[in-house]
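Next comes entry_37.pdb, with PDB, C-alpha atoms.
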ATOM      1  CA  MET E   7     -47.887 -66.574  76.458  1.00  0.00           C
ATOM      2  CA  SER E   8     -49.163 -63.557  74.696  1.00  0.00           C
ATOM      3  CA  HIS E   9     -48.060 -62.387  71.230  1.00  0.00           C
ATOM      4  CA  PRO E  10     -48.088 -58.839  69.952  1.00  0.00           C
ATOM      5  CA  SER E  11     -50.831 -58.109  67.572  1.00  0.00           C
ATOM      6  CA  ARG E  12     -50.175 -57.526  63.856  1.00  0.00           C
ATOM      7  CA  ARG E  13     -51.082 -53.828  64.286  1.00  0.00           C
ATOM      8  CA  SER E  14     -48.484 -53.379  67.062  1.00  0.00           C
ATOM      9  CA  ARG E  15     -45.860 -55.046  64.863  1.00  0.00           C
ATOM     10  CA  LEU E  16     -46.632 -52.618  62.064  1.00  0.00           C
ATOM     11  CA  ARG E  17     -46.446 -49.696  64.467  1.00  0.00           C
ATOM     12  CA  THR E  18     -43.077 -50.903  65.795  1.00  0.00           C
ATOM     13  CA  PHE E  19     -41.738 -51.230  62.194  1.00  0.00           C
ATOM     14  CA  ALA E  20     -42.870 -47.700  61.318  1.00  0.00           C
ATOM     15  CA  VAL E  21     -40.707 -46.053  63.960  1.00  0.00           C
ATOM     16  CA  PRO E  22     -37.289 -46.906  62.431  1.00  0.00           C
ATOM     17  CA  SER E  23     -38.621 -46.065  58.984  1.00  0.00           C
ATOM     18  CA  ALA E  24     -39.458 -42.546  60.140  1.00  0.00           C
ATOM     19  CA  ALA E  25     -35.972 -42.160  61.635  1.00  0.00           C
ATOM     20  CA  ALA E  26     -34.370 -43.253  58.386  1.00  0.00           C
ATOM     21  CA  ALA E  27     -36.440 -40.718  56.515  1.00  0.00           C
ATOM     22  CA  ALA E  28     -35.227 -38.007  58.860  1.00  0.00           C
ATOM     23  CA  VAL E  29     -31.597 -39.039  58.305  1.00  0.00           C
ATOM     24  CA  LEU E  30     -32.142 -39.081  54.528  1.00  0.00           C
ATOM     25  CA  ALA E  31     -33.700 -35.638  54.638  1.00  0.00           C
ATOM     26  CA  ALA E  32     -30.775 -34.352  56.641  1.00  0.00           C
ATOM     27  CA  GLY E  33     -28.387 -35.805  54.089  1.00  0.00           C
ATOM     28  CA  LEU E  34     -30.239 -34.107  51.238  1.00  0.00           C
ATOM     29  CA  GLY E  35     -30.070 -30.829  53.099  1.00  0.00           C
ATOM     30  CA  LEU E  36     -26.333 -31.245  53.550  1.00  0.00           C
ATOM     31  CA  GLY E  37     -25.883 -31.938  49.856  1.00  0.00           C
ATOM     32  CA  ALA E  38     -27.820 -28.803  48.980  1.00  0.00           C
ATOM     33  CA  ALA E  39     -25.726 -26.780  51.404  1.00  0.00           C
ATOM     34  CA  LEU E  40     -22.518 -28.050  49.743  1.00  0.00           C
ATOM     35  CA  ASP E  41     -23.756 -27.346  46.165  1.00  0.00           C
ATOM     36  CA  THR E  42     -22.766 -30.810  45.001  1.00  0.00           C
ATOM     37  CA  GLY E  43     -25.710 -31.444  42.717  1.00  0.00           C
ATOM     38  CA  PRO E  44     -25.787 -31.344  38.913  1.00  0.00           C
ATOM     39  CA  ALA E  45     -27.021 -27.747  38.886  1.00  0.00           C
ATOM     40  CA  ALA E  46     -24.003 -26.677  40.919  1.00  0.00           C
ATOM     41  CA  GLU E  47     -21.669 -28.415  38.447  1.00  0.00           C
ATOM     42  CA  ALA E  48     -23.198 -26.474  35.544  1.00  0.00           C
ATOM     43  CA  ALA E  49     -22.852 -23.159  37.385  1.00  0.00           C
ATOM     44  CA  ALA E  50     -19.200 -23.663  38.356  1.00  0.00           C
ATOM     45  CA  PRO E  51     -16.647 -21.962  36.050  1.00  0.00           C
ATOM     46  CA  ALA E  52     -14.764 -24.293  33.729  1.00  0.00           C
ATOM     47  CA  SER E  53     -11.130 -24.773  34.627  1.00  0.00           C
ATOM     48  CA  GLY E  54      -8.494 -24.147  31.949  1.00  0.00           C
ATOM     49  CA  SER E  55     -10.761 -22.150  29.619  1.00  0.00           C
ATOM     50  CA  ALA E  56      -9.155 -20.665  26.487  1.00  0.00           C
ATOM     51  CA  PRO E  57      -8.303 -16.931  26.434  1.00  0.00           C
ATOM     52  CA  GLU E  58     -10.056 -14.534  24.114  1.00  0.00           C
ATOM     53  CA  ALA E  59      -8.785 -14.073  20.585  1.00  0.00           C
ATOM     54  CA  PRO E  60      -6.199 -11.273  20.132  1.00  0.00           C
ATOM     55  CA  GLY E  61      -7.725  -8.079  18.790  1.00  0.00           C
ATOM     56  CA  LYS E  62      -6.799  -5.293  16.365  1.00  0.00           C
ATOM     57  CA  PRO E  63      -3.956  -7.018  14.513  1.00  0.00           C
ATOM     58  CA  ARG E  64      -1.790  -4.740  12.363  1.00  0.00           C
ATOM     59  CA  ALA E  65       0.925  -5.730   9.884  1.00  0.00           C
ATOM     60  CA  VAL E  66       3.493  -3.156   8.769  1.00  0.00           C
ATOM     61  CA  SER E  67       5.780  -3.589   5.759  1.00  0.00           C
ATOM     62  CA  GLY E  68       9.495  -2.961   6.157  1.00  0.00           C
ATOM     63  CA  THR E  69      12.542  -3.166   3.939  1.00  0.00           C
ATOM     64  CA  ASN E  70      13.858  -6.251   5.763  1.00  0.00           C
ATOM     65  CA  ALA E  71      10.784  -7.740   7.490  1.00  0.00           C
ATOM     66  CA  ASN E  72       7.066  -7.495   8.203  1.00  0.00           C
ATOM     67  CA  THR E  73       6.094  -6.496  11.749  1.00  0.00           C
ATOM     68  CA  VAL E  74       2.792  -7.773  13.209  1.00  0.00           C
ATOM     69  CA  THR E  75       1.249  -6.334  16.397  1.00  0.00           C
ATOM     70  CA  TRP E  76      -2.052  -6.907  18.236  1.00  0.00           C
ATOM     71  CA  THR E  77      -3.795  -6.187  21.544  1.00  0.00           C
ATOM     72  CA  ALA E  78      -2.964  -8.511  24.433  1.00  0.00           C
ATOM     73  CA  SER E  79      -5.424 -11.199  25.575  1.00  0.00           C
ATOM     74  CA  SER E  80      -6.169 -11.658  29.277  1.00  0.00           C
ATOM     75  CA  GLY E  81      -4.817 -14.985  30.540  1.00  0.00           C
ATOM     76  CA  ALA E  82      -2.569 -15.583  27.534  1.00  0.00           C
ATOM     77  CA  ARG E  83       0.741 -17.309  28.256  1.00  0.00           C
ATOM     78  CA  LYS E  84       1.989 -16.958  24.669  1.00  0.00           C
ATOM     79  CA  TYR E  85       0.811 -16.183  21.153  1.00  0.00           C
ATOM     80  CA  ASP E  86       1.075 -18.425  18.101  1.00  0.00           C
ATOM     81  CA  VAL E  87       1.486 -16.520  14.824  1.00  0.00           C
ATOM     82  CA  TYR E  88       0.170 -18.013  11.582  1.00  0.00           C
ATOM     83  CA  ARG E  89       0.968 -16.873   8.042  1.00  0.00           C
ATOM     84  CA  ALA E  90      -0.445 -17.521   4.582  1.00  0.00           C
ATOM     85  CA  GLU E  91       1.046 -16.528   1.258  1.00  0.00           C
ATOM     86  CA  GLY E  92      -1.649 -14.967  -0.904  1.00  0.00           C
ATOM     87  CA  ASP E  93      -4.781 -17.108  -0.603  1.00  0.00           C
ATOM     88  CA  GLY E  94      -2.881 -20.195   0.576  1.00  0.00           C
ATOM     89  CA  ALA E  95      -3.257 -22.189   3.782  1.00  0.00           C
ATOM     90  CA  PHE E  96      -2.158 -20.816   7.159  1.00  0.00           C
ATOM     91  CA  THR E  97       0.857 -22.363   8.882  1.00  0.00           C
ATOM     92  CA  ARG E  98       2.360 -21.497  12.255  1.00  0.00           C
ATOM     93  CA  VAL E  99       5.555 -19.482  11.792  1.00  0.00           C
ATOM     94  CA  GLY E 100       6.409 -18.563  15.375  1.00  0.00           C
ATOM     95  CA  SER E 101       5.435 -18.134  19.029  1.00  0.00           C
ATOM     96  CA  VAL E 102       6.051 -15.074  21.201  1.00  0.00           C
ATOM     97  CA  THR E 103       5.152 -13.981  24.724  1.00  0.00           C
ATOM     98  CA  ALA E 104       4.644 -10.287  23.849  1.00  0.00           C
ATOM     99  CA  PRO E 105       1.983  -8.995  21.408  1.00  0.00           C
ATOM    100  CA  LYS E 106       4.511  -8.368  18.608  1.00  0.00           C
ATOM    101  CA  TYR E 107       6.121 -10.558  15.952  1.00  0.00           C
ATOM    102  CA  ILE E 108       8.834  -9.617  13.414  1.00  0.00           C
ATOM    103  CA  ASP E 109       8.770 -11.843  10.341  1.00  0.00           C
ATOM    104  CA  GLY E 110      12.038 -11.612   8.425  1.00  0.00           C
ATOM    105  CA  ARG E 111      11.589 -14.910   6.577  1.00  0.00           C
ATOM    106  CA  VAL E 112       9.476 -13.488   3.772  1.00  0.00           C
ATOM    107  CA  VAL E 113      10.061 -13.043   0.058  1.00  0.00           C
ATOM    108  CA  PRO E 114      10.359  -9.353  -0.915  1.00  0.00           C
ATOM    109  CA  ASP E 115       7.296  -7.710  -2.444  1.00  0.00           C
ATOM    110  CA  VAL E 116       5.049 -10.782  -1.947  1.00  0.00           C
ATOM    111  CA  PRO E 117       1.766 -10.203  -0.034  1.00  0.00           C
ATOM    112  CA  TYR E 118       1.271 -12.227   3.168  1.00  0.00           C
ATOM    113  CA  THR E 119      -1.717 -12.608   5.504  1.00  0.00           C
ATOM    114  CA  TYR E 120      -1.261 -13.033   9.264  1.00  0.00           C
ATOM    115  CA  LYS E 121      -3.520 -14.364  12.056  1.00  0.00           C
ATOM    116  CA  VAL E 122      -2.761 -14.875  15.745  1.00  0.00           C
ATOM    117  CA  LYS E 123      -4.007 -17.255  18.469  1.00  0.00           C
ATOM    118  CA  ALA E 124      -3.617 -16.687  22.204  1.00  0.00           C
ATOM    119  CA  VAL E 125      -2.605 -19.755  24.233  1.00  0.00           C
ATOM    120  CA  GLY E 126      -3.543 -20.109  27.924  1.00  0.00           C
ATOM    121  CA  SER E 127      -1.499 -21.482  30.804  1.00  0.00           C
ATOM    122  CA  THR E 128      -2.794 -25.029  30.315  1.00  0.00           C
ATOM    123  CA  GLY E 129      -2.448 -25.055  26.545  1.00  0.00           C
ATOM    124  CA  GLU E 130      -5.938 -24.048  25.419  1.00  0.00           C
ATOM    125  CA  ALA E 131      -5.837 -21.871  22.293  1.00  0.00           C
ATOM    126  CA  SER E 132      -8.200 -19.043  21.434  1.00  0.00           C
ATOM    127  CA  PRO E 133      -9.898 -18.643  18.056  1.00  0.00           C
ATOM    128  CA  TYR E 134      -7.972 -16.843  15.328  1.00  0.00           C
ATOM    129  CA  SER E 135      -7.654 -13.084  15.460  1.00  0.00           C
ATOM    130  CA  PRO E 136      -8.871 -11.083  12.459  1.00  0.00           C
ATOM    131  CA  ALA E 137      -6.460 -11.054   9.513  1.00  0.00           C
ATOM    132  CA  ALA E 138      -3.738  -8.475   8.819  1.00  0.00           C
ATOM    133  CA  ARG E 139      -1.820  -8.169   5.542  1.00  0.00           C
ATOM    134  CA  ALA E 140       1.613  -6.861   4.561  1.00  0.00           C
ATOM    135  CA  ALA E 141       4.298  -7.282   1.903  1.00  0.00           C
ATOM    136  CA  ARG E 142       7.982  -6.729   2.574  1.00  0.00           C
ATOM    137  CA  ASP E 143       8.691  -3.547   0.632  1.00  0.00           C
ATOM    138  CA  THR E 144      12.048  -3.222  -1.121  1.00  0.00           C
ATOM    139  CA  ILE E 145      11.032  -0.837  -3.920  1.00  0.00           C
ATOM    140  CA  ALA E 146      12.293   2.714  -3.545  1.00  0.00           C
ATOM    141  CA  PRO E 147       9.919   5.598  -4.271  1.00  0.00           C
ATOM    142  CA  VAL E 148      10.269   7.778  -7.341  1.00  0.00           C
ATOM    143  CA  PRO E 149      12.560  10.805  -6.755  1.00  0.00           C
ATOM    144  CA  PRO E 150      10.904  14.197  -6.220  1.00  0.00           C
ATOM    145  CA  ALA E 151      10.165  16.011  -9.472  1.00  0.00           C
ATOM    146  CA  ASN E 152      10.722  19.643 -10.467  1.00  0.00           C
ATOM    147  CA  LEU E 153      12.827  20.581  -7.446  1.00  0.00           C
ATOM    148  CA  THR E 154      13.315  24.347  -7.620  1.00  0.00           C
ATOM    149  CA  VAL E 155      14.251  27.360  -5.539  1.00  0.00           C
ATOM    150  CA  VAL E 156      11.133  29.533  -5.287  1.00  0.00           C
ATOM    151  CA  PRO E 157      12.207  32.782  -6.991  1.00  0.00           C
ATOM    152  CA  SER E 158       9.384  35.033  -5.819  1.00  0.00           C
ATOM    153  CA  ASP E 159       9.560  34.063  -2.162  1.00  0.00           C
ATOM    154  CA  ASP E 160      10.333  36.992   0.138  1.00  0.00           C
ATOM    155  CA  GLY E 161      10.602  35.033   3.389  1.00  0.00           C
ATOM    156  CA  PRO E 162      13.814  34.381   5.319  1.00  0.00           C
ATOM    157  CA  GLY E 163      16.432  32.126   3.802  1.00  0.00           C
ATOM    158  CA  THR E 164      15.765  30.005   0.728  1.00  0.00           C
ATOM    159  CA  ALA E 165      12.440  28.348  -0.084  1.00  0.00           C
ATOM    160  CA  LEU E 166      12.380  25.038  -1.966  1.00  0.00           C
ATOM    161  CA  ALA E 167       9.442  23.320  -3.643  1.00  0.00           C
ATOM    162  CA  TRP E 168       8.983  20.088  -5.588  1.00  0.00           C
ATOM    163  CA  ARG E 169       6.364  17.660  -6.793  1.00  0.00           C
ATOM    164  CA  ASP E 170       5.539  14.517  -4.852  1.00  0.00           C
ATOM    165  CA  GLY E 171       7.349  11.254  -5.541  1.00  0.00           C
ATOM    166  CA  THR E 172       5.424   7.984  -5.657  1.00  0.00           C
ATOM    167  CA  ASP E 173       4.722   6.452  -2.193  1.00  0.00           C
ATOM    168  CA  ALA E 174       6.742   9.115  -0.401  1.00  0.00           C
ATOM    169  CA  VAL E 175       5.819   9.905   3.223  1.00  0.00           C
ATOM    170  CA  SER E 176       8.772  12.186   4.009  1.00  0.00           C
ATOM    171  CA  TYR E 177      11.752  13.895   2.407  1.00  0.00           C
ATOM    172  CA  THR E 178      15.375  14.521   3.392  1.00  0.00           C
ATOM    173  CA  VAL E 179      16.983  17.798   2.258  1.00  0.00           C
ATOM    174  CA  TYR E 180      20.715  18.316   1.631  1.00  0.00           C
ATOM    175  CA  ARG E 181      22.778  21.398   0.777  1.00  0.00           C
ATOM    176  CA  SER E 182      26.192  22.021  -0.754  1.00  0.00           C
ATOM    177  CA  THR E 183      28.246  24.821  -2.289  1.00  0.00           C
ATOM    178  CA  SER E 184      29.248  22.511  -5.153  1.00  0.00           C
ATOM    179  CA  PRO E 185      27.365  20.086  -7.386  1.00  0.00           C
ATOM    180  CA  GLN E 186      30.012  17.495  -6.505  1.00  0.00           C
ATOM    181  CA  GLY E 187      29.505  17.921  -2.759  1.00  0.00           C
ATOM    182  CA  PRO E 188      30.095  16.951  -0.101  1.00  0.00           C
ATOM    183  CA  LEU E 189      26.447  17.458   0.791  1.00  0.00           C
ATOM    184  CA  LYS E 190      25.194  18.250   4.268  1.00  0.00           C
ATOM    185  CA  LYS E 191      21.829  17.114   5.587  1.00  0.00           C
ATOM    186  CA  ILE E 192      19.949  20.224   6.724  1.00  0.00           C
ATOM    187  CA  GLY E 193      16.479  18.902   7.547  1.00  0.00           C
ATOM    188  CA  THR E 194      13.435  16.786   6.726  1.00  0.00           C
ATOM    189  CA  SER E 195       9.921  17.566   5.541  1.00  0.00           C
ATOM    190  CA  THR E 196       6.607  15.717   5.346  1.00  0.00           C
ATOM    191  CA  THR E 197       5.322  18.157   2.706  1.00  0.00           C
ATOM    192  CA  THR E 198       6.592  19.079  -0.757  1.00  0.00           C
ATOM    193  CA  SER E 199       8.381  22.212   0.442  1.00  0.00           C
ATOM    194  CA  PHE E 200      11.217  23.237   2.736  1.00  0.00           C
ATOM    195  CA  ARG E 201      12.788  26.504   3.910  1.00  0.00           C
ATOM    196  CA  ASP E 202      16.516  26.763   4.527  1.00  0.00           C
ATOM    197  CA  THR E 203      16.800  29.558   7.095  1.00  0.00           C
ATOM    198  CA  ALA E 204      20.542  29.316   7.719  1.00  0.00           C
ATOM    199  CA  PRO E 205      22.415  29.753   4.438  1.00  0.00           C
ATOM    200  CA  ALA E 206      25.310  32.213   4.239  1.00  0.00           C
ATOM    201  CA  PRO E 207      24.258  35.503   2.601  1.00  0.00           C
ATOM    202  CA  ASP E 208      24.987  35.901  -1.099  1.00  0.00           C
ATOM    203  CA  ARG E 209      26.559  32.472  -1.354  1.00  0.00           C
ATOM    204  CA  PRO E 210      25.301  30.105  -4.040  1.00  0.00           C
ATOM    205  CA  TYR E 211      24.069  26.690  -2.919  1.00  0.00           C
ATOM    206  CA  VAL E 212      22.974  23.502  -4.609  1.00  0.00           C
ATOM    207  CA  TYR E 213      20.105  21.602  -2.947  1.00  0.00           C
ATOM    208  CA  TRP E 214      19.237  17.932  -3.128  1.00  0.00           C
ATOM    209  CA  VAL E 215      16.082  16.122  -1.914  1.00  0.00           C
ATOM    210  CA  LYS E 216      15.442  12.386  -1.395  1.00  0.00           C
ATOM    211  CA  ALA E 217      12.005  10.781  -0.980  1.00  0.00           C
ATOM    212  CA  ILE E 218      11.407   8.135   1.721  1.00  0.00           C
ATOM    213  CA  ASP E 219       8.460   5.706   1.766  1.00  0.00           C
ATOM    214  CA  ALA E 220       6.657   4.138   4.739  1.00  0.00           C
ATOM    215  CA  ALA E 221       8.944   1.093   4.738  1.00  0.00           C
ATOM    216  CA  GLY E 222      12.071   3.247   4.871  1.00  0.00           C
ATOM    217  CA  ASN E 223      13.176   2.869   1.252  1.00  0.00           C
ATOM    218  CA  THR E 224      14.998   5.947  -0.064  1.00  0.00           C
ATOM    219  CA  SER E 225      14.837   7.303  -3.602  1.00  0.00           C
ATOM    220  CA  ASP E 226      17.600   8.733  -5.724  1.00  0.00           C
ATOM    221  CA  ALA E 227      18.179  12.427  -5.093  1.00  0.00           C
ATOM    222  CA  ALA E 228      16.703  15.266  -7.102  1.00  0.00           C
ATOM    223  CA  THR E 229      18.811  18.411  -7.296  1.00  0.00           C
ATOM    224  CA  THR E 230      18.417  22.078  -8.104  1.00  0.00           C
ATOM    225  CA  GLY E 231      21.739  22.117  -9.946  1.00  0.00           C
ATOM    226  CA  ARG E 232      23.561  19.972 -12.443  1.00  0.00           C
ATOM    227  CA  PRO E 233      27.272  19.128 -12.541  1.00  0.00           C
ATOM    228  CA  PRO E 234      29.106  21.300 -15.057  1.00  0.00           C
ATOM    229  CA  GLU E 235      30.037  19.878 -18.423  1.00  0.00           C
ATOM    230  CA  PRO E 236      33.583  18.492 -18.422  1.00  0.00           C
ATOM    231  CA  THR E 237      36.199  20.665 -20.064  1.00  0.00           C
ATOM    232  CA  ARG E 238      37.029  19.555 -23.581  1.00  0.00           C
ATOM    233  CA  PRO E 239      40.304  20.413 -25.323  1.00  0.00           C
ATOM    234  CA  PRO E 240      40.069  22.267 -28.612  1.00  0.00           C
ATOM    235  CA  THR E 241      39.664  20.161 -31.715  1.00  0.00           C
ATOM    236  CA  GLN E 242      42.884  19.752 -33.657  1.00  0.00           C
ATOM    237  CA  SER E 243      43.062  18.892 -37.334  1.00  0.00           C
ATOM    238  CA  PRO E 244      46.121  16.715 -38.102  1.00  0.00           C
ATOM    239  CA  GLY E 245      45.701  17.006 -41.828  1.00  0.00           C
ATOM    240  CA  PRO E 246      43.193  17.384 -44.619  1.00  0.00           C
ATOM    241  CA  THR E 247      42.858  13.609 -45.100  1.00  0.00           C
ATOM    242  CA  GLN E 248      42.152  12.701 -41.426  1.00  0.00           C
ATOM    243  CA  PRO E 249      38.931  13.386 -39.537  1.00  0.00           C
ATOM    244  CA  PRO E 250      39.097  15.624 -36.456  1.00  0.00           C
ATOM    245  CA  THR E 251      39.371  13.915 -33.095  1.00  0.00           C
ATOM    246  CA  THR E 252      38.156  14.813 -29.608  1.00  0.00           C
ATOM    247  CA  ALA E 253      39.465  13.736 -26.259  1.00  0.00           C
ATOM    248  CA  PRO E 254      37.276  11.260 -24.269  1.00  0.00           C
ATOM    249  CA  THR E 255      35.036  12.866 -21.697  1.00  0.00           C
ATOM    250  CA  THR E 256      35.202  12.054 -17.993  1.00  0.00           C
ATOM    251  CA  PRO E 257      31.892  11.929 -16.060  1.00  0.00           C
ATOM    252  CA  ALA E 258      31.549  14.236 -13.121  1.00  0.00           C
ATOM    253  CA  PRO E 259      32.015  12.542  -9.741  1.00  0.00           C
ATOM    254  CA  SER E 260      28.928  11.631  -7.722  1.00  0.00           C
ATOM    255  CA  PRO E 261      28.302  13.771  -4.654  1.00  0.00           C
ATOM    256  CA  THR E 262      28.831  12.402  -1.164  1.00  0.00           C
ATOM    257  CA  PHE E 263      25.818  12.601   1.137  1.00  0.00           C
ATOM    258  CA  GLY E 264      26.398  13.378   4.782  1.00  0.00           C
ATOM    259  CA  ASP E 265      24.031  13.175   7.760  1.00  0.00           C
ATOM    260  CA  GLY E 266      25.651  15.907   9.801  1.00  0.00           C
TER     261      GLY E 266
END
Full structure transcribed into structure tokens:
Amino acid sequence: MSHPSRRSRLRTFAVPSAAAAAVLAAGLGLGAALDTGPAAEAAAPASGSAPEAPGKPRAVSGTNANTVTWTASSGARKYDVYRAEGDGAFTRVGSVTAPKYIDGRVVPDVPYTYKVKAVGSTGEASPYSPAARAARDTIAPVPPANLTVVPSDDGPGTALAWRDGTDAVSYTVYRSTSPQGPLKKIGTSTTTSFRDTAPAPDRPYVYWVKAIDAAGNTSDAATTGRPPEPTRPPTQSPGPTQPPTTAPTTPAPSPTFGDG
């Protein structure tokens, strides 16, 4: 009975080994085709990545609240608004879905700093936006000074001029035929002058001007006229031993301002 030689046994063993190598090579090719290796994992985009930080924040002071706005972030589901008083720590004060937040829970005339984070659909938050600062403004501007009718003006109607009040960004002008009113609003101006082109000819008028600041605070009114002195009865002397007496004066009534 014959036995295969050792060489033939080695040759027989080498055949399945070559087939296995071919199968392994095919498997590696399939893996490369499916991009399942570590390099493919690094190149794939991360799921649930945080949105970009909101940009261009702006805080505007108002008489009743501070209003904060910013540019929208792509992929943001909401925005968390943070606030610090002065140089203090930031705390979250609210969340909104639109790029605007109105903060009415602030102490008047105290400076606040605001920052905003965008939050994605799966909860990832962006870095802080740049800071924006505002203080709720409740202080009225100073009334216009030296309000006068320009005497040398030869244009139509009546020309008014005044000096700027502190913090004023616009002015409201009123007119009346009496220092006691009622006064009628006749226009607005963003400069320190105004022309009334519709007064009745040869009819005297009294003009009033109020200053308005950026927050909407309104000053007291300056006027071109003054209320007349109250009428006083003549002094009567009851006798040589008693001092003269005068009747008490009554202040002139305040004018009523109208918007029509």
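Computed from the coordinates, the atom CA of Thr164 of chain E to atom CA of Asn223 of chain E distance equals 27.3 Å.
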Note to self: I want to know what sits within 12 Å of Ser195 of chain E, based on all atoms listed in the file, with residues of the same chain fewer than 4 positions away left out; could you give that as a PyMOL selection string?
What the structure shows: chain E and resi 166-168+170+174-180+191+199-202+215-218
task = Any chance you could resolve the PyMOL selection byres ((chain E and resi 172) around 6) against this file and give the residues as number ranges by chain?
result = E: 147-148, 171, 173-174
Residue members of the PyMOL selection byres ((chain E and resi 144) around 10) in the file shown, as a ChimeraX atom specification
/E:67-71,114-115,141-143,145-147,221-224
Set the distance at 7 Å and use all atoms listed in the file: which residues neighbour segment 100-109 of chain E once local chain neighbours fewer than 3 positions away are removed? I'd like the list as JSON, numbers by chain.
{"E": [71, 72, 73, 74, 75, 76, 77, 78, 83, 84, 85, 86, 87, 112]}
Pairwise distance, atom CA of Trp214 of chain E with atom CA of Thr230 of chain E, equals 6.5 Å
Using all atoms listed in the file, the best pick from E:Val212, E:Ala138, E:Val155, E:Ala206 as closest to Lys190 of chain E would be E:Val212
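From atom CA of Pro133 of chain E back to atom CA of Asp93 of chain E, the distance works out to 19.4 Å.
Distances from E:Arg89, E:Arg169, E:Arg139, E:Arg181 to Pro63 of chain E were compared using all atoms listed in the file, and the smallest one belongs to E:Arg139.
Considering all atoms listed in the file, the residue among E:Ala137, E:Val122, E:Leu153, E:Ala82 positioned nearest to Ala56 of chain E is E:Ala82.
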Note to self: Using all atoms listed in the file, which protein or nucleic acid residues come within 8 Å of Glu91 of chain E? Drop anything in the same chain fewer than 2 positions from it, and give the result as number ranges by chain.
What the structure shows: E: 89, 93-96, 116-119
